[in-house]
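Undergrad: Mind looking over this structure? Questions follow.
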Amino acid sequence: MSFQLKTDQELVHLYLKGKELALSELVTRHKTRIYTSIYLLVKDEYLAEDIFQDTFIKVIKTLKAGKYNEEGKFLPWVLRIAHNLVIDYFRKEKRTPIISNGDGFDIFDVLGIYDESIEDKMVKQQTYQDLKALIHLLPSEQKEVLIMRHYGELSFKEIADLTQVSINTALGRMRYALNNLRKMMTAKELTLKS
Amino acid sequence: MIEISTPTSNSISDNDVETEQLNLALTAEEIAFFENLKPKFDSLKKNPSEKTIQNILNFSKTL
């Protein structure tokens with residue numbers, strides 16, 4: 001049985017019938033979208049790992065309890081759980097997401113670029129750091145829409161539902177996010193090289 | 001306060017339609033800027049560790 005050809009809904013059904021590999025496929029299929037969305041919101045790799053894990057533990061418990069509403073799509077549902085866990089974390093910590101240019105060493109930053117020259121590596125790494133820093137400088141509600149749209153691949157309706165605002169507000173935040181990014185790049189005279 | 005031109009179509013769940021909505025909300029220059037940024041955004045994509053994924057799959061088997 002090829003799980004890769006199954007829809008999310010089919011995989012959920014198979015998982016509920018005891019096919020553990022169906023869960024494995026769901027995690028593999030969506031891990032980048034979900035983890036990147038969490039990571040860019042919390043800006044901490046270890047915390048993002050914890051929230052990613054907690055998200056899927058909630059997903060598993062809800063599925064096994066038969067409480068999953070099939071009317072919704074799987075990915076937006078999982079991202080909603082992840083989003084709520086991020087909010088819970090910041091509430092518990094009584095702080096807002098960190099807005100800072102400073103970043104610690106990140107092993108992922110230096111992986112996967114072995115075939116490039118040292119100069120190419122440095123340019124790519126600088127581009128990566130510049131863009132990440134600019135995204136983190138955005139107001140949280142703008143950053144949230146940008147991340148959910150691009151990395152989570154959610155529709156604006158889904159983002160609006162998730163953040164409890166109107167679609168026009170979500171669209172407006174996206175526009176503000178893009179314009180603010182452009183202004184910051186201009187102000188810092190940054191060119192994000194490919 | 002910004003003014004956003006949004007179609008009144010009720011078909012808002014489709015991503016293509018929503019991309020069109022966003023395009024209507026942005027100027028051509030802003031759209032070009034966004035399109036140029038998209039591949040660069042992709043460079044920020046990350047994955048969780050294999051250990052975390054294994055923890056999740058192991059948890060599932062305990063239920």
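Chain labels A, B, ... are given in the sequence in which chains occur in the structure tokens; within each chain residues are numbered consecutively from 1, and ligands are likewise numbered from 1 in the order shown.
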Could you give me, as a list in words, the residues within 8 Å of Phe52 of chain A, counting only C-alpha atoms and dropping anything in the same chain fewer than 4 positions from it?
TA: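 In the requested form, the answer reads Ile34, Tyr35, Ile38, Ala48, Phe56 and Ala82 of chain A; Pro48 of chain B.
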Undergrad: For segment 56-59 of chain B, please output as a list in words all residues within 8 Å (counting only C-alpha atoms; exclusion window: fewer than 2 positions along the same chain).
TA: Glu20, Leu23, Ser24, Gln53, Phe56 and Ile57 of chain A; Thr52, Ile53, Gln54, Lys61, Thr62 and Leu63 of chain B
Undergrad: May I have the residues from that selection written out with all heavy atoms, as a CSV table (one decimal), in the first residue's frame?
TA:
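Output file again_15.csv follows:
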```
chain,number,residue,atom,x,y,z
A,20,GLU,N,-0.1,2.5,11.6
A,20,GLU,CA,0.8,3.5,12.2
A,20,GLU,C,1.6,4.2,11.1
A,20,GLU,O,1.9,5.4,11.2
A,20,GLU,CB,1.7,2.9,13.2
A,20,GLU,CG,1.1,2.4,14.5
A,20,GLU,CD,0.6,3.6,15.3
A,20,GLU,OE1,1.3,4.6,15.3
A,20,GLU,OE2,-0.4,3.4,16.1
A,23,LEU,N,0.3,7.6,10.0
A,23,LEU,CA,0.7,8.8,10.8
A,23,LEU,C,2.0,9.2,10.4
A,23,LEU,O,2.3,10.4,10.3
A,23,LEU,CB,0.7,8.4,12.3
A,23,LEU,CG,1.2,9.5,13.2
A,23,LEU,CD1,0.2,10.7,13.2
A,23,LEU,CD2,1.4,9.0,14.6
A,24,SER,N,2.9,8.3,10.2
A,24,SER,CA,4.3,8.6,9.7
A,24,SER,C,4.3,9.4,8.4
A,24,SER,O,5.0,10.4,8.3
A,24,SER,CB,5.1,7.3,9.5
A,24,SER,OG,6.4,7.6,9.1
A,53,GLN,N,6.4,18.7,18.8
A,53,GLN,CA,6.1,17.4,19.4
A,53,GLN,C,4.8,17.4,20.2
A,53,GLN,O,3.9,16.5,20.0
A,53,GLN,CB,7.2,16.9,20.4
A,53,GLN,CG,7.1,15.6,21.0
A,53,GLN,CD,8.3,15.1,21.7
A,53,GLN,OE1,9.4,15.1,21.1
A,53,GLN,NE2,8.2,14.6,22.9
A,56,PHE,N,1.7,17.4,17.8
A,56,PHE,CA,1.3,16.0,17.3
A,56,PHE,C,0.8,15.1,18.4
A,56,PHE,O,0.0,14.2,18.1
A,56,PHE,CB,2.5,15.4,16.5
A,56,PHE,CG,2.4,15.8,15.1
A,56,PHE,CD1,3.2,16.8,14.6
A,56,PHE,CD2,1.5,15.2,14.2
A,56,PHE,CE1,3.1,17.2,13.2
A,56,PHE,CE2,1.4,15.5,12.9
A,56,PHE,CZ,2.2,16.6,12.4
A,57,ILE,N,1.3,15.3,19.6
A,57,ILE,CA,0.7,14.5,20.7
A,57,ILE,C,-0.8,14.9,20.9
A,57,ILE,O,-1.6,14.0,21.0
A,57,ILE,CB,1.5,14.8,22.0
A,57,ILE,CG1,2.8,14.0,21.9
A,57,ILE,CG2,0.7,14.3,23.3
A,57,ILE,CD1,3.8,14.2,23.0
B,52,THR,N,12.7,13.9,17.3
B,52,THR,CA,11.4,14.4,17.7
B,52,THR,C,10.3,13.6,16.9
B,52,THR,O,9.3,13.2,17.5
B,52,THR,CB,11.3,15.9,17.3
B,52,THR,OG1,12.3,16.6,18.1
B,52,THR,CG2,9.9,16.4,17.6
B,53,ILE,N,10.6,13.4,15.6
B,53,ILE,CA,9.6,12.6,14.8
B,53,ILE,C,9.4,11.2,15.4
B,53,ILE,O,8.3,10.7,15.5
B,53,ILE,CB,10.0,12.6,13.4
B,53,ILE,CG1,9.9,14.0,12.8
B,53,ILE,CG2,9.2,11.6,12.6
B,53,ILE,CD1,10.4,14.1,11.4
B,54,GLN,N,10.5,10.6,15.8
B,54,GLN,CA,10.5,9.2,16.3
B,54,GLN,C,9.7,9.2,17.7
B,54,GLN,O,8.9,8.3,18.0
B,54,GLN,CB,11.9,8.7,16.5
B,54,GLN,CG,11.9,7.2,16.6
B,54,GLN,CD,11.2,6.5,15.4
B,54,GLN,OE1,11.5,6.8,14.3
B,54,GLN,NE2,10.3,5.6,15.7
B,61,LYS,N,2.2,4.7,19.3
B,61,LYS,CA,2.1,3.2,19.5
B,61,LYS,C,1.8,2.9,21.0
B,61,LYS,O,1.4,1.7,21.3
B,61,LYS,CB,3.5,2.6,19.1
B,61,LYS,CG,3.7,2.6,17.6
B,61,LYS,CD,5.1,2.2,17.3
B,61,LYS,CE,5.4,2.4,15.8
B,61,LYS,NZ,6.8,2.3,15.4
B,62,THR,N,2.0,3.8,21.9
B,62,THR,CA,1.7,3.5,23.3
B,62,THR,C,0.2,3.6,23.6
B,62,THR,O,-0.2,3.2,24.7
B,62,THR,CB,2.4,4.5,24.3
B,62,THR,OG1,1.9,5.8,24.1
B,62,THR,CG2,3.9,4.4,24.0
B,63,LEU,N,-0.6,4.2,22.7
B,63,LEU,CA,-2.0,4.4,23.0
B,63,LEU,C,-2.8,3.2,22.5
B,63,LEU,O,-2.5,2.6,21.6
B,63,LEU,CB,-2.5,5.7,22.3
B,63,LEU,CG,-1.9,7.0,22.8
B,63,LEU,CD1,-2.5,8.2,22.1
B,63,LEU,CD2,-2.1,7.2,24.3
```
Undergrad: I need the contact residues of chain A against chain B, so if you could list those with any atom within 7 Å, counting only C-alpha atoms, and return them as a ChimeraX atom specification, that would help.
TA: /A:24,31-32,35-36,49,53,56-57,60,128,155-157,171,175,178,194
Undergrad: Could you please determine the separation between atom CA of Ser37 of chain A and atom CA of Leu14 of chain A in Å, to one decimal place?
TA: 26.7 Å
Undergrad: Considering only C-alpha atoms, state which residue in the set A:Leu63, A:Pro76, A:Ile159, A:Val86 is at the smallest distance from Leu47 of chain A.
TA: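 Result for the nearest residue to Leu47 of chain A: A:Val86.
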Undergrad: Contacts of segment 64-70 of chain A at 9 Å or less, counting only C-alpha atoms, minus same-chain residues fewer than 4 places along, as a PyMOL selection string?
TA: (chain A and resi 9+15-16+59-60+74) or (chain B and resi 63)
Undergrad: Find the residue from A:Val42, A:Val12, A:Met1, A:Leu134 that sits nearest to Glu93 of chain A; use only C-alpha atoms when measuring.
TA: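 Result for the nearest residue to Glu93 of chain A: A:Val42.
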Undergrad: Give me the residues near Thr169 of chain A as a ChimeraX atom specification, where near means some atom within 8 Å (using only C-alpha atoms) and where sequence neighbours in that chain fewer than 4 positions away do not count.
TA: /A:160,165,173
